[in-house]
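J.: Here you go, this is entry-v3.tsv (TSV, C-alpha atoms).
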```tsv
chain	number	residue	atom	x	y	z
A	1	GLY	CA	151.29	36.43	108.42
A	2	VAL	CA	147.99	38.28	108.86
A	3	HIS	CA	144.90	36.09	108.80
A	4	LEU	CA	141.25	36.31	109.84
A	5	ASN	CA	139.24	33.80	111.89
A	6	PRO	CA	135.43	33.90	111.65
A	7	ASP	CA	133.66	34.16	114.99
A	8	SER	CA	130.16	34.82	116.33
A	9	LYS	CA	128.72	36.42	119.43
A	10	ARG	CA	125.37	35.86	121.07
A	11	TYR	CA	123.54	39.15	121.55
A	12	TYR	CA	120.65	39.71	123.98
A	13	PRO	CA	118.63	42.74	122.82
A	14	TYR	CA	116.79	43.18	126.15
A	15	ASN	CA	120.01	43.16	128.23
A	16	THR	CA	118.97	42.44	131.86
A	17	MET	CA	115.37	41.52	131.13
A	18	ALA	CA	114.55	37.88	132.03
A	19	ALA	CA	118.29	37.22	132.32
A	20	ASN	CA	117.79	34.62	135.07
A	21	VAL	CA	115.51	32.71	132.70
A	22	LEU	CA	117.37	33.12	129.41
A	23	GLY	CA	120.86	32.72	130.84
A	24	PHE	CA	123.89	33.22	128.57
A	25	VAL	CA	126.56	31.41	126.54
A	26	ASN	CA	130.25	31.15	127.47
A	27	ILE	CA	133.23	32.30	125.41
A	28	GLU	CA	132.94	29.15	123.29
A	29	ASN	CA	129.30	30.02	122.50
A	30	GLU	CA	128.10	27.04	124.52
A	31	GLY	CA	125.15	27.33	126.90
A	32	ALA	CA	126.32	28.19	130.42
A	33	VAL	CA	123.19	29.08	132.42
A	34	GLY	CA	119.39	29.12	132.04
A	35	LEU	CA	117.56	28.18	128.84
A	36	GLU	CA	120.85	28.49	126.99
A	37	VAL	CA	122.30	25.44	128.74
A	38	LYS	CA	119.01	23.53	129.08
A	39	TYR	CA	118.40	23.69	125.31
A	40	ASP	CA	122.01	23.98	124.15
A	41	SER	CA	121.91	20.92	121.88
A	42	ASP	CA	118.64	22.07	120.25
A	43	LEU	CA	119.87	25.63	119.70
A	44	SER	CA	123.38	24.80	118.49
A	45	GLY	CA	122.70	22.91	115.28
A	46	GLU	CA	125.46	21.07	113.41
A	47	ALA	CA	128.63	22.54	111.90
A	48	GLY	CA	129.35	21.86	108.22
A	49	MET	CA	132.46	19.96	107.10
A	50	THR	CA	134.45	18.71	104.15
A	51	VAL	CA	135.89	15.16	104.02
A	52	SER	CA	138.84	14.73	101.61
A	53	ALA	CA	141.83	12.47	101.01
A	54	LYS	CA	145.32	13.51	102.16
A	55	ASN	CA	148.69	11.79	102.04
A	56	ASN	CA	150.84	10.96	105.06
A	57	ARG	CA	152.29	14.48	104.97
A	58	GLY	CA	148.82	16.03	105.26
A	59	GLN	CA	148.81	17.27	101.66
A	60	PRO	CA	145.60	17.04	99.59
A	61	MET	CA	145.56	14.16	97.13
A	62	LEU	CA	144.13	15.71	94.00
A	63	PHE	CA	141.54	13.84	91.94
A	64	GLN	CA	140.79	11.41	94.78
A	65	TYR	CA	137.53	12.20	96.57
A	66	GLU	CA	135.87	15.03	98.42
A	67	GLN	CA	132.58	15.05	100.30
A	68	TYR	CA	130.72	18.13	101.56
A	69	PHE	CA	128.28	18.24	104.46
A	70	ASP	CA	126.23	21.41	104.83
A	71	ALA	CA	125.83	23.07	108.21
A	72	GLU	CA	122.43	22.66	109.88
A	73	ASP	CA	120.86	25.52	111.81
A	74	GLY	CA	119.66	24.86	115.34
A	75	SER	CA	116.06	25.24	116.43
A	76	ASP	CA	114.37	28.46	117.48
A	77	LEU	CA	112.59	28.49	120.84
A	78	VAL	CA	109.17	30.11	121.10
A	79	LEU	CA	108.64	31.07	124.74
A	80	THR	CA	105.42	31.39	126.72
A	81	MET	CA	106.74	34.61	128.29
A	82	ASP	CA	105.06	37.93	127.48
A	83	ILE	CA	107.37	40.93	127.14
A	84	ASN	CA	104.77	43.35	128.55
A	85	VAL	CA	104.11	41.14	131.56
A	86	GLN	CA	107.85	40.75	132.15
A	87	ILE	CA	108.41	44.52	132.00
A	88	ALA	CA	105.62	45.13	134.53
A	89	LEU	CA	106.85	42.34	136.81
A	90	GLU	CA	110.46	43.53	136.87
A	91	LYS	CA	109.48	47.16	137.31
A	92	GLY	CA	107.20	46.30	140.24
A	93	MET	CA	109.80	44.07	141.87
A	94	GLU	CA	112.55	46.66	141.59
A	95	SER	CA	110.28	49.21	143.26
A	96	MET	CA	109.41	46.85	146.15
A	97	LEU	CA	112.98	45.67	146.71
A	98	SER	CA	114.14	49.27	146.85
A	99	LYS	CA	111.32	50.34	149.17
A	100	PHE	CA	111.76	47.51	151.67
A	101	ASP	CA	115.54	47.03	151.24
A	102	ALA	CA	115.17	43.25	150.92
A	103	ALA	CA	118.46	41.78	152.13
A	104	LYS	CA	118.27	38.59	150.05
A	105	GLY	CA	116.56	39.94	146.93
A	106	GLY	CA	113.26	38.50	145.75
A	107	THR	CA	111.37	36.46	143.20
A	108	GLY	CA	108.25	36.96	141.11
A	109	ILE	CA	106.24	34.66	138.82
A	110	VAL	CA	103.20	35.31	136.62
A	111	MET	CA	101.52	32.11	135.44
A	112	ASP	CA	98.60	31.21	133.19
A	113	VAL	CA	96.64	29.08	135.67
A	114	ASN	CA	94.93	27.09	132.91
A	115	THR	CA	98.16	25.74	131.39
A	116	ALA	CA	100.95	26.53	133.91
A	117	ALA	CA	102.64	28.51	131.12
A	118	ILE	CA	104.99	31.07	132.66
A	119	LEU	CA	104.19	34.56	131.38
A	120	GLY	CA	106.75	36.34	133.52
A	121	MET	CA	109.55	35.26	135.86
A	122	ALA	CA	112.08	37.39	137.69
A	123	SER	CA	114.75	36.71	140.28
A	124	TYR	CA	116.85	39.33	142.03
A	125	PRO	CA	119.82	39.95	142.15
A	126	ASN	CA	119.71	40.33	138.37
A	127	TYR	CA	122.38	40.73	135.69
A	128	ASP	CA	122.93	41.57	132.00
A	129	SER	CA	123.17	38.47	129.80
A	130	ASN	CA	125.51	40.43	127.49
A	131	GLN	CA	127.91	41.09	130.39
A	132	SER	CA	127.39	38.10	132.65
A	133	GLY	CA	130.70	38.64	134.43
A	134	VAL	CA	129.74	42.08	135.72
A	135	LEU	CA	128.22	42.38	139.20
A	136	TYR	CA	125.10	44.56	139.12
A	137	ASP	CA	123.81	44.21	142.67
A	138	GLU	CA	125.33	46.63	145.19
A	139	LYS	CA	124.83	44.21	148.08
A	140	LEU	CA	126.73	41.49	146.22
A	141	LYS	CA	129.49	43.97	145.37
A	142	SER	CA	129.83	44.93	149.03
A	143	LYS	CA	129.82	41.30	150.11
A	144	LEU	CA	132.57	40.43	147.62
A	145	GLU	CA	134.68	43.44	148.61
A	146	ALA	CA	134.47	42.34	152.26
A	147	GLN	CA	135.49	38.77	151.33
A	148	LEU	CA	138.43	39.99	149.24
A	149	ALA	CA	139.57	42.32	152.06
A	150	GLU	CA	139.46	39.40	154.51
A	151	LEU	CA	141.48	37.21	152.12
A	152	GLU	CA	144.05	40.01	151.70
A	153	GLU	CA	144.51	40.19	155.48
A	154	LYS	CA	145.21	36.44	155.57
A	155	ARG	CA	147.37	36.48	152.43
A	156	GLU	CA	150.58	35.59	154.23
A	157	SER	CA	148.97	32.53	155.83
A	158	TYR	CA	148.50	30.78	152.46
A	159	GLU	CA	151.00	28.11	151.45
A	160	SER	CA	151.71	29.90	148.18
A	161	GLU	CA	150.63	32.85	146.08
A	162	GLU	CA	148.90	30.35	143.82
A	163	LYS	CA	146.68	29.15	146.70
A	164	TYR	CA	145.78	32.73	147.53
A	165	GLU	CA	144.84	33.47	143.91
A	166	GLU	CA	142.68	30.34	143.88
A	167	ALA	CA	140.79	31.57	146.96
A	168	VAL	CA	140.26	34.99	145.36
A	169	SER	CA	139.04	33.40	142.12
A	170	LYS	CA	136.62	31.14	144.03
A	171	ALA	CA	135.16	34.10	145.97
A	172	LYS	CA	134.54	35.98	142.71
A	173	THR	CA	133.03	32.94	140.96
A	174	ASP	CA	130.74	32.07	143.88
A	175	THR	CA	129.46	35.66	143.99
A	176	LEU	CA	128.73	35.62	140.26
A	177	LYS	CA	126.92	32.29	140.59
A	178	SER	CA	124.63	33.78	143.25
A	179	GLN	CA	123.82	36.54	140.74
A	180	TRP	CA	123.05	34.03	137.95
A	181	ARG	CA	120.70	31.87	140.06
A	182	ASN	CA	117.00	31.67	139.31
A	183	LYS	CA	115.67	31.60	142.87
A	184	CYS	CA	112.14	30.97	141.60
A	185	ILE	CA	113.14	27.36	141.00
A	186	ASP	CA	116.34	26.61	142.94
A	187	SER	CA	115.62	28.19	146.35
A	188	THR	CA	113.09	27.12	148.96
A	189	TYR	CA	111.28	29.15	151.61
A	190	GLU	CA	108.52	28.80	154.20
A	191	PRO	CA	105.32	29.84	152.38
A	192	GLY	CA	103.27	30.92	155.41
A	193	SER	CA	99.74	32.14	154.69
A	194	THR	CA	100.19	31.92	150.90
A	195	PHE	CA	99.83	28.15	151.41
A	196	LYS	CA	96.36	28.41	152.98
A	197	PRO	CA	94.37	28.10	149.71
A	198	ILE	CA	95.85	24.61	149.32
A	199	THR	CA	94.72	23.56	152.81
A	200	LEU	CA	91.31	25.06	152.01
A	201	ALA	CA	90.99	23.21	148.69
A	202	ALA	CA	92.01	19.84	150.16
A	203	ALA	CA	89.59	20.10	153.10
A	204	LEU	CA	86.69	21.14	150.85
A	205	GLU	CA	87.41	18.23	148.52
A	206	GLU	CA	87.42	15.77	151.42
A	207	GLY	CA	84.12	17.18	152.71
A	208	VAL	CA	85.41	17.90	156.22
A	209	ILE	CA	84.38	21.56	155.79
A	210	ASN	CA	81.82	23.48	153.75
A	211	MET	CA	80.61	27.04	153.28
A	212	ASN	CA	78.54	26.76	156.48
A	213	SER	CA	81.47	25.71	158.68
A	214	THR	CA	82.11	28.09	161.59
A	215	TYR	CA	85.15	28.90	163.71
A	216	ASP	CA	85.62	30.79	166.97
A	217	CYS	CA	88.96	32.57	167.30
A	218	SER	CA	90.05	33.92	170.70
A	219	GLY	CA	93.50	34.93	169.40
A	220	SER	CA	95.25	31.61	170.02
A	221	LEU	CA	94.70	27.84	170.02
A	222	MET	CA	96.25	25.01	172.03
A	223	VAL	CA	97.23	21.84	170.17
A	224	LYS	CA	97.74	18.50	171.87
A	225	GLY	CA	101.44	17.67	172.19
A	226	TRP	CA	102.59	21.29	172.44
A	227	ASP	CA	102.68	23.33	175.63
A	228	LYS	CA	102.50	26.76	173.98
A	229	PRO	CA	99.54	28.32	172.19
A	230	PHE	CA	99.48	28.88	168.44
A	231	ASN	CA	98.78	32.57	168.01
A	232	CYS	CA	96.66	34.34	165.45
A	233	SER	CA	97.78	37.52	163.68
A	234	ARG	CA	95.06	39.36	165.61
A	235	THR	CA	95.95	38.78	169.24
A	236	SER	CA	92.46	39.76	170.39
A	237	GLY	CA	90.98	37.14	168.06
A	238	HIS	CA	88.53	37.24	165.17
A	239	GLY	CA	85.59	35.97	167.17
A	240	HIS	CA	82.86	33.92	165.48
A	241	GLN	CA	83.44	33.41	161.73
A	242	VAL	CA	81.96	31.43	158.87
A	243	LEU	CA	84.47	29.72	156.53
A	244	LYS	CA	84.62	32.57	154.02
A	245	GLU	CA	85.32	35.10	156.79
A	246	ALA	CA	87.97	32.88	158.39
A	247	VAL	CA	89.82	32.64	155.07
A	248	GLY	CA	89.38	36.40	154.50
A	249	ASN	CA	90.93	37.00	157.91
A	250	SER	CA	93.71	34.49	157.23
A	251	CYS	CA	92.92	33.13	160.70
A	252	ASN	CA	95.60	30.70	161.91
A	253	PRO	CA	93.45	28.94	164.56
A	254	ALA	CA	90.75	28.34	161.94
A	255	PHE	CA	93.23	26.79	159.53
A	256	ILE	CA	94.75	24.66	162.28
A	257	SER	CA	91.24	23.34	162.97
A	258	ILE	CA	90.72	22.70	159.25
A	259	GLY	CA	94.00	20.78	159.00
A	260	LEU	CA	93.29	18.71	162.12
A	261	ALA	CA	89.86	17.79	160.72
A	262	MET	CA	91.60	16.18	157.74
A	263	GLY	CA	94.08	14.10	159.74
A	264	THR	CA	97.75	13.49	159.01
A	265	ASP	CA	97.40	10.83	156.29
A	266	ARG	CA	94.87	12.64	154.11
A	267	PHE	CA	96.65	15.97	154.47
A	268	TYR	CA	100.00	14.40	153.53
A	269	ASP	CA	98.40	12.76	150.48
A	270	TYR	CA	97.20	16.13	149.20
A	271	MET	CA	100.64	17.67	149.69
A	272	LYS	CA	101.94	15.00	147.33
A	273	ASP	CA	99.00	15.25	144.92
A	274	PHE	CA	99.51	19.02	144.56
A	275	GLY	CA	103.09	18.26	143.47
A	276	LEU	CA	104.75	19.93	146.45
A	277	MET	CA	106.98	16.99	147.34
A	278	ASP	CA	108.45	16.55	143.86
A	279	LYS	CA	110.39	18.73	141.47
A	280	THR	CA	108.09	20.65	139.16
A	281	GLY	CA	109.69	19.32	135.96
A	282	VAL	CA	109.97	22.86	134.57
A	283	ASP	CA	112.14	23.17	131.46
A	284	LEU	CA	114.78	25.26	133.25
A	285	GLN	CA	118.10	24.54	134.88
A	286	GLY	CA	118.26	24.06	138.67
A	287	ASP	CA	114.76	22.75	139.50
A	288	VAL	CA	114.68	21.48	143.11
A	289	GLY	CA	112.04	19.97	145.40
A	290	GLY	CA	110.73	21.14	148.76
A	291	ILE	CA	111.76	20.16	152.29
A	292	PHE	CA	109.21	18.19	154.32
A	293	SER	CA	108.88	15.74	157.16
A	294	THR	CA	108.69	12.10	156.11
A	295	ARG	CA	105.26	10.48	156.22
A	296	GLU	CA	106.40	8.20	159.08
A	297	ALA	CA	107.54	11.17	161.18
A	298	PHE	CA	104.56	13.43	160.30
A	299	THR	CA	102.74	14.12	163.56
A	300	THR	CA	99.56	15.95	164.56
A	301	LEU	CA	101.76	18.80	165.74
A	302	ASP	CA	103.39	18.94	162.29
A	303	LEU	CA	99.93	18.97	160.73
A	304	ALA	CA	98.90	21.96	162.85
A	305	CYS	CA	101.92	23.90	161.59
A	306	TYR	CA	101.67	22.79	157.96
A	307	ALA	CA	97.99	23.75	157.79
A	308	PHE	CA	98.88	27.45	157.89
A	309	GLY	CA	102.12	27.16	155.92
A	310	GLN	CA	104.87	26.80	158.51
A	311	ASN	CA	107.65	24.29	159.33
A	312	PHE	CA	108.22	23.16	155.72
A	313	ASN	CA	109.81	24.66	152.61
A	314	VAL	CA	108.79	24.90	148.96
A	315	THR	CA	110.11	26.73	145.91
A	316	PRO	CA	108.12	29.71	144.62
A	317	LEU	CA	107.39	27.75	141.42
A	318	GLN	CA	106.09	24.72	143.34
A	319	LEU	CA	103.73	26.93	145.30
A	320	ILE	CA	102.24	28.88	142.37
A	321	THR	CA	101.78	25.65	140.39
A	322	ALA	CA	99.81	24.13	143.28
A	323	GLN	CA	97.84	27.37	143.74
A	324	ALA	CA	96.91	27.29	140.04
A	325	ALA	CA	95.51	23.78	140.49
A	326	CYS	CA	93.27	25.08	143.28
A	327	ILE	CA	91.47	27.51	140.98
A	328	ASN	CA	91.68	26.18	137.40
A	329	GLY	CA	89.22	23.34	137.86
A	330	GLY	CA	91.55	21.22	139.96
A	331	TYR	CA	94.17	20.28	137.34
A	332	LEU	CA	97.88	20.12	138.10
A	333	TYR	CA	99.96	21.09	135.06
A	334	GLN	CA	103.70	21.03	134.44
A	335	PRO	CA	105.07	24.58	134.46
A	336	HIS	CA	107.00	25.55	131.33
A	337	VAL	CA	108.61	28.50	129.55
A	338	VAL	CA	109.13	26.94	126.11
A	339	ASP	CA	105.94	26.57	124.10
A	340	LYS	CA	107.49	25.06	120.96
A	341	GLU	CA	110.63	24.61	118.90
A	342	LEU	CA	110.82	25.65	115.24
A	343	ASP	CA	113.27	24.55	112.53
A	344	SER	CA	114.96	27.04	110.19
A	345	ASP	CA	111.93	26.98	107.89
A	346	GLY	CA	109.52	27.80	110.71
A	347	ASN	CA	108.09	24.30	111.01
A	348	VAL	CA	107.16	23.03	114.48
A	349	VAL	CA	109.54	20.23	115.49
A	350	LYS	CA	108.49	20.02	119.17
A	351	GLN	CA	105.40	21.25	121.00
A	352	HIS	CA	104.84	21.36	124.76
A	353	ASP	CA	102.49	18.62	125.92
A	354	ALA	CA	99.56	20.47	127.53
A	355	THR	CA	98.07	17.34	129.12
A	356	PRO	CA	97.48	17.79	132.89
A	357	VAL	CA	99.66	15.73	135.21
A	358	ARG	CA	96.56	14.83	137.26
A	359	GLN	CA	93.30	16.23	138.60
A	360	VAL	CA	93.72	16.91	142.31
A	361	ILE	CA	90.30	18.35	143.23
A	362	SER	CA	86.95	18.48	141.46
A	363	GLU	CA	85.79	21.40	139.34
A	364	GLU	CA	83.02	22.04	141.90
A	365	THR	CA	85.56	22.32	144.73
A	366	SER	CA	87.73	24.57	142.58
A	367	ALA	CA	84.77	26.88	141.91
A	368	THR	CA	84.15	27.16	145.66
A	369	VAL	CA	87.82	28.01	146.26
A	370	ARG	CA	87.61	30.75	143.62
A	371	GLU	CA	84.49	32.19	145.27
A	372	ILE	CA	86.17	32.28	148.68
A	373	LEU	CA	89.42	33.76	147.35
A	374	GLU	CA	87.47	36.44	145.51
A	375	TYR	CA	85.98	37.39	148.87
A	376	VAL	CA	89.52	37.66	150.29
A	377	VAL	CA	90.40	40.47	147.84
A	378	SER	CA	86.97	42.13	147.82
A	379	ASP	CA	86.23	42.18	151.57
A	380	GLY	CA	89.03	40.34	153.40
A	381	GLY	CA	92.66	40.96	154.21
A	382	GLY	CA	93.76	40.86	150.57
A	383	ARG	CA	92.02	44.05	149.48
A	384	ASN	CA	95.31	45.53	148.29
A	385	GLY	CA	95.26	42.85	145.58
A	386	GLN	CA	92.00	44.09	144.11
A	387	VAL	CA	92.19	45.64	140.63
A	388	ALA	CA	89.59	48.33	139.98
A	389	GLY	CA	87.07	47.30	137.36
A	390	TYR	CA	87.91	43.58	137.50
A	391	ARG	CA	86.60	40.62	139.44
```
Translate this structure into structure tokens?

T.:
Amino acid sequence: GVHLNPDSKRYYPYNTMAANVLGFVNIENEGAVGLEVKYDSDLSGEAGMTVSAKNNRGQPMLFQYEQYFDAEDGSDLVLTMDINVQIALEKGMESMLSKFDAAKGGTGIVMDVNTAAILGMASYPNYDSNQSGVLYDEKLKSKLEAQLAELEEKRESYESEEKYEEAVSKAKTDTLKSQWRNKCIDSTYEPGSTFKPITLAAALEEGVINMNSTYDCSGSLMVKGWDKPFNCSRTSGHGHQVLKEAVGNSCNPAFISIGLAMGTDRFYDYMKDFGLMDKTGVDLQGDVGGIFSTREAFTTLDLACYAFGQNFNVTPLQLITAQAACINGGYLYQPHVVDKELDSDGNVVKQHDATPVRQVISEETSATVREILEYVVSDGGGRNGQVAGYR
């Protein structure tokens, strides 16, 4: 009565590395999360089979007919991701999350601005694709233990033991799902000052500002329709500034003035043109859009807040894709992690379409944005971002 059944197991040689991007397969070797589920049909291939004649008792009918269909291998995916970039990204993120004890984890993306190809992407909490059911994050472990303890205290209040077990199972599953998420694409946040290059690019393109524009910052600015001042990060103010200095200082009153100079309609148009109000279209599971006011409800007060990155939400991937368009000549590209698919013989069966979605700003405007942002890291508030020996 002893028999053997052939089986296979997906193995991930880098364990936790890029787990939130790669995902994993379930016990049936079907894609469950990440690229594995997004490209499951491409990766799986076709099983082989034999078609033969049998009688009504299921016995083979000899000398009738038999047809054989060979198995077909699935495609191989060639990713845009760079192993060295990914190692550096994850190492740096782990160090920062540990240093600052980030309660909700963090995200990191490295993108080729000229194609929107993703070179590195990390989302914490992380996990091992080979052991997807194991909790790796201590905060998640503590959270689950507290939930299970609370359920145990209320155990007698459940209608049946089965209902209690269902609640326990749900708590465990929900915690694992939070570990598997890729927050770079499925979570939104308020971008704050990291949004300012987009306001800058739009205003330069519309011609409402130029390199000679000046701004006087006293530490705050009043906006019509609001009875409280909008404060700057420097409460004493930045004083008189030309545009480059205002950007280098990340001056909120200056950016409010820049946004107001554009007006609500033009500013809203650029938010859409930079792709911030739509899903990115990235070839990953869980892509979501941002959270914004409707055009009809978008007021001057909203504009003042949006101009320096507050009162709306975007995903990290939406933001970096729009930022790339500010500096690559003005072209908005679709972010992607799969460069091409290969058949079993190594032939290209699919290739990512590198055509830009649209041109949002001119190449001249983009060059000006690059010049100003270089000043931010050479002489402005972003000096910690400067890399010795590089411009």

J.: What lies within 6 Å of Thr16 in chain A using all atoms listed in the file, ignoring chain neighbours under 3 positions off, as a ChimeraX atom specification?

T.: /A:19,127-128

J.: Using only C-alpha atoms, which of the listed residues (A:Lys340, A:Lys244, A:Lys172, A:Lys279) sits closest to Leu317 in chain A?

T.: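 When distances to Leu317 in chain A are compared using only C-alpha atoms, the smallest one comes from A:Lys279.
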
J.: Give me, please, the distance in Å between CA of Glu341 in chain A and CA of Leu79 in chain A, quoted to one decimal.

T.: 8.9 Å

J.: I'd like the neighbourhood of range 95-107 of chain A as an mmCIF file with C-alpha atoms, in the frame of the given file, where a residue qualifies if any of its atoms comes within 12 Å (using all atoms listed in the file), though same-chain residues fewer than 5 positions away should be ignored.

T.:
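The result, stored in around.cif:
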```
data_model
loop_
_atom_site.group_PDB
_atom_site.id
_atom_site.type_symbol
_atom_site.label_atom_id
_atom_site.label_comp_id
_atom_site.auth_asym_id
_atom_site.auth_seq_id
_atom_site.Cartn_x
_atom_site.Cartn_y
_atom_site.Cartn_z
ATOM 1 C CA ALA A 18 114.550 37.880 132.030
ATOM 2 C CA ASN A 20 117.790 34.620 135.070
ATOM 3 C CA VAL A 21 115.510 32.710 132.700
ATOM 4 C CA ALA A 88 105.620 45.130 134.530
ATOM 5 C CA LEU A 89 106.850 42.340 136.810
ATOM 6 C CA GLU A 90 110.460 43.530 136.870
ATOM 7 C CA GLY A 120 106.750 36.340 133.520
ATOM 8 C CA MET A 121 109.550 35.260 135.860
ATOM 9 C CA ALA A 122 112.080 37.390 137.690
ATOM 10 C CA SER A 123 114.750 36.710 140.280
ATOM 11 C CA TYR A 124 116.850 39.330 142.030
ATOM 12 C CA PRO A 125 119.820 39.950 142.150
ATOM 13 C CA ASN A 126 119.710 40.330 138.370
ATOM 14 C CA ASP A 137 123.810 44.210 142.670
ATOM 15 C CA GLU A 138 125.330 46.630 145.190
ATOM 16 C CA LYS A 139 124.830 44.210 148.080
ATOM 17 C CA LEU A 140 126.730 41.490 146.220
ATOM 18 C CA LYS A 143 129.820 41.300 150.110
ATOM 19 C CA SER A 178 124.630 33.780 143.250
ATOM 20 C CA GLN A 179 123.820 36.540 140.740
ATOM 21 C CA ARG A 181 120.700 31.870 140.060
ATOM 22 C CA ASN A 182 117.000 31.670 139.310
ATOM 23 C CA LYS A 183 115.670 31.600 142.870
ATOM 24 C CA CYS A 184 112.140 30.970 141.600
ATOM 25 C CA ILE A 185 113.140 27.360 141.000
ATOM 26 C CA ASP A 186 116.340 26.610 142.940
ATOM 27 C CA SER A 187 115.620 28.190 146.350
ATOM 28 C CA THR A 188 113.090 27.120 148.960
ATOM 29 C CA TYR A 189 111.280 29.150 151.610
ATOM 30 C CA THR A 315 110.110 26.730 145.910
ATOM 31 C CA PRO A 316 108.120 29.710 144.620
ATOM 32 C CA LEU A 317 107.390 27.750 141.420
ATOM 33 C CA ILE A 320 102.240 28.880 142.370
#
```

J.: Interatomic distance between CA of Gly281 in chain A and CA of Thr115 in chain A?

T.: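 Straight-line distance from CA of Gly281 in chain A to CA of Thr115 in chain A works out to 14.0 Å.
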
J.: From the options A:Asn29, A:Lys224, A:Gln318, A:Ser129, which residue's atoms come nearest to Tyr12 in chain A, counting only C-alpha atoms?

T.: A:Ser129

J.: Have a look at CA of Leu22 in chain A and CA of Pro335 in chain A and let me know their distance in Å, one decimal.

T.: 15.8 Å

J.: Taking all atoms listed in the file into account, name the residue in A:Asp343, A:Glu205, A:Glu152, A:Glu145 that is nearest to Phe267 in chain A.

T.: A:Glu205

J.: Would you mind telling me which residue in A:Ala388, A:Asp273, A:Asp379, A:Gly330 lies nearest to Ala367 in chain A when using only C-alpha atoms?

T.: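 Once distances to Ala367 in chain A are computed over only C-alpha atoms, the minimum belongs to A:Gly330.
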
J.: Find, counting all atoms listed in the file, the residue in A:Tyr375, A:Tyr215, A:Phe230, A:Tyr39 that gets nearest to Ala304 in chain A.

T.: A:Phe230

J.: Hey, what's within 10 Å of Tyr306 in chain A if we count all atoms listed in the file and toss same-chain stuff fewer than 4 positions away? As a count of residues only, please?

T.: 20

J.: Neighbours of Ala261 in chain A within 7 Å (all atoms listed in the file; same-chain residues fewer than 3 positions away dropped), as a JSON list (two decimals) with C-alpha atoms, keeping the file's coordinate frame?

T.:
```json
[["chain", "number", "residue", "atom", "x", "y", "z"],
["A", 208, "VAL", "CA", 85.41, 17.90, 156.22],
["A", 257, "SER", "CA", 91.24, 23.34, 162.97],
["A", 258, "ILE", "CA", 90.72, 22.70, 159.25]]
```

J.: How about completing range 169-183 of chain A with N, CA and C atoms and giving it to me as a short mmCIF file (atom, residue, chain, number, x, y, z; two decimals), keeping the file's coordinate frame?

T.:
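For reference, rebuild-v9.cif as written:
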```cif
data_model
loop_
_atom_site.label_atom_id
_atom_site.label_comp_id
_atom_site.auth_asym_id
_atom_site.auth_seq_id
_atom_site.Cartn_x
_atom_site.Cartn_y
_atom_site.Cartn_z
N SER A 169 139.83 33.79 143.29
CA SER A 169 139.04 33.40 142.12
C SER A 169 137.75 32.71 142.53
N LYS A 170 137.82 31.85 143.56
CA LYS A 170 136.62 31.14 144.03
C LYS A 170 135.60 32.12 144.61
N ALA A 171 136.06 33.10 145.38
CA ALA A 171 135.16 34.10 145.97
C ALA A 171 134.42 34.86 144.87
N LYS A 172 135.15 35.24 143.81
CA LYS A 172 134.54 35.98 142.71
C LYS A 172 133.53 35.11 141.96
N THR A 173 133.91 33.86 141.69
CA THR A 173 133.03 32.94 140.96
C THR A 173 131.76 32.64 141.74
N ASP A 174 131.91 32.37 143.05
CA ASP A 174 130.74 32.07 143.88
C ASP A 174 129.77 33.25 143.92
N THR A 175 130.32 34.47 143.97
CA THR A 175 129.46 35.66 143.99
C THR A 175 128.71 35.80 142.67
N LEU A 176 129.39 35.56 141.56
CA LEU A 176 128.73 35.62 140.26
C LEU A 176 127.65 34.56 140.13
N LYS A 177 127.92 33.36 140.65
CA LYS A 177 126.92 32.29 140.59
C LYS A 177 125.65 32.66 141.35
N SER A 178 125.82 33.35 142.48
CA SER A 178 124.63 33.78 143.25
C SER A 178 123.84 34.81 142.47
N GLN A 179 124.50 35.57 141.59
CA GLN A 179 123.82 36.54 140.74
C GLN A 179 123.09 35.85 139.60
N TRP A 180 123.63 34.74 139.10
CA TRP A 180 123.05 34.03 137.95
C TRP A 180 121.89 33.13 138.34
N ARG A 181 121.72 32.84 139.62
CA ARG A 181 120.70 31.87 140.06
C ARG A 181 119.29 32.36 139.73
N ASN A 182 118.43 31.39 139.43
CA ASN A 182 117.00 31.67 139.31
C ASN A 182 116.34 31.14 140.58
N LYS A 183 116.16 32.02 141.56
CA LYS A 183 115.67 31.60 142.87
C LYS A 183 114.20 31.18 142.84
#
```
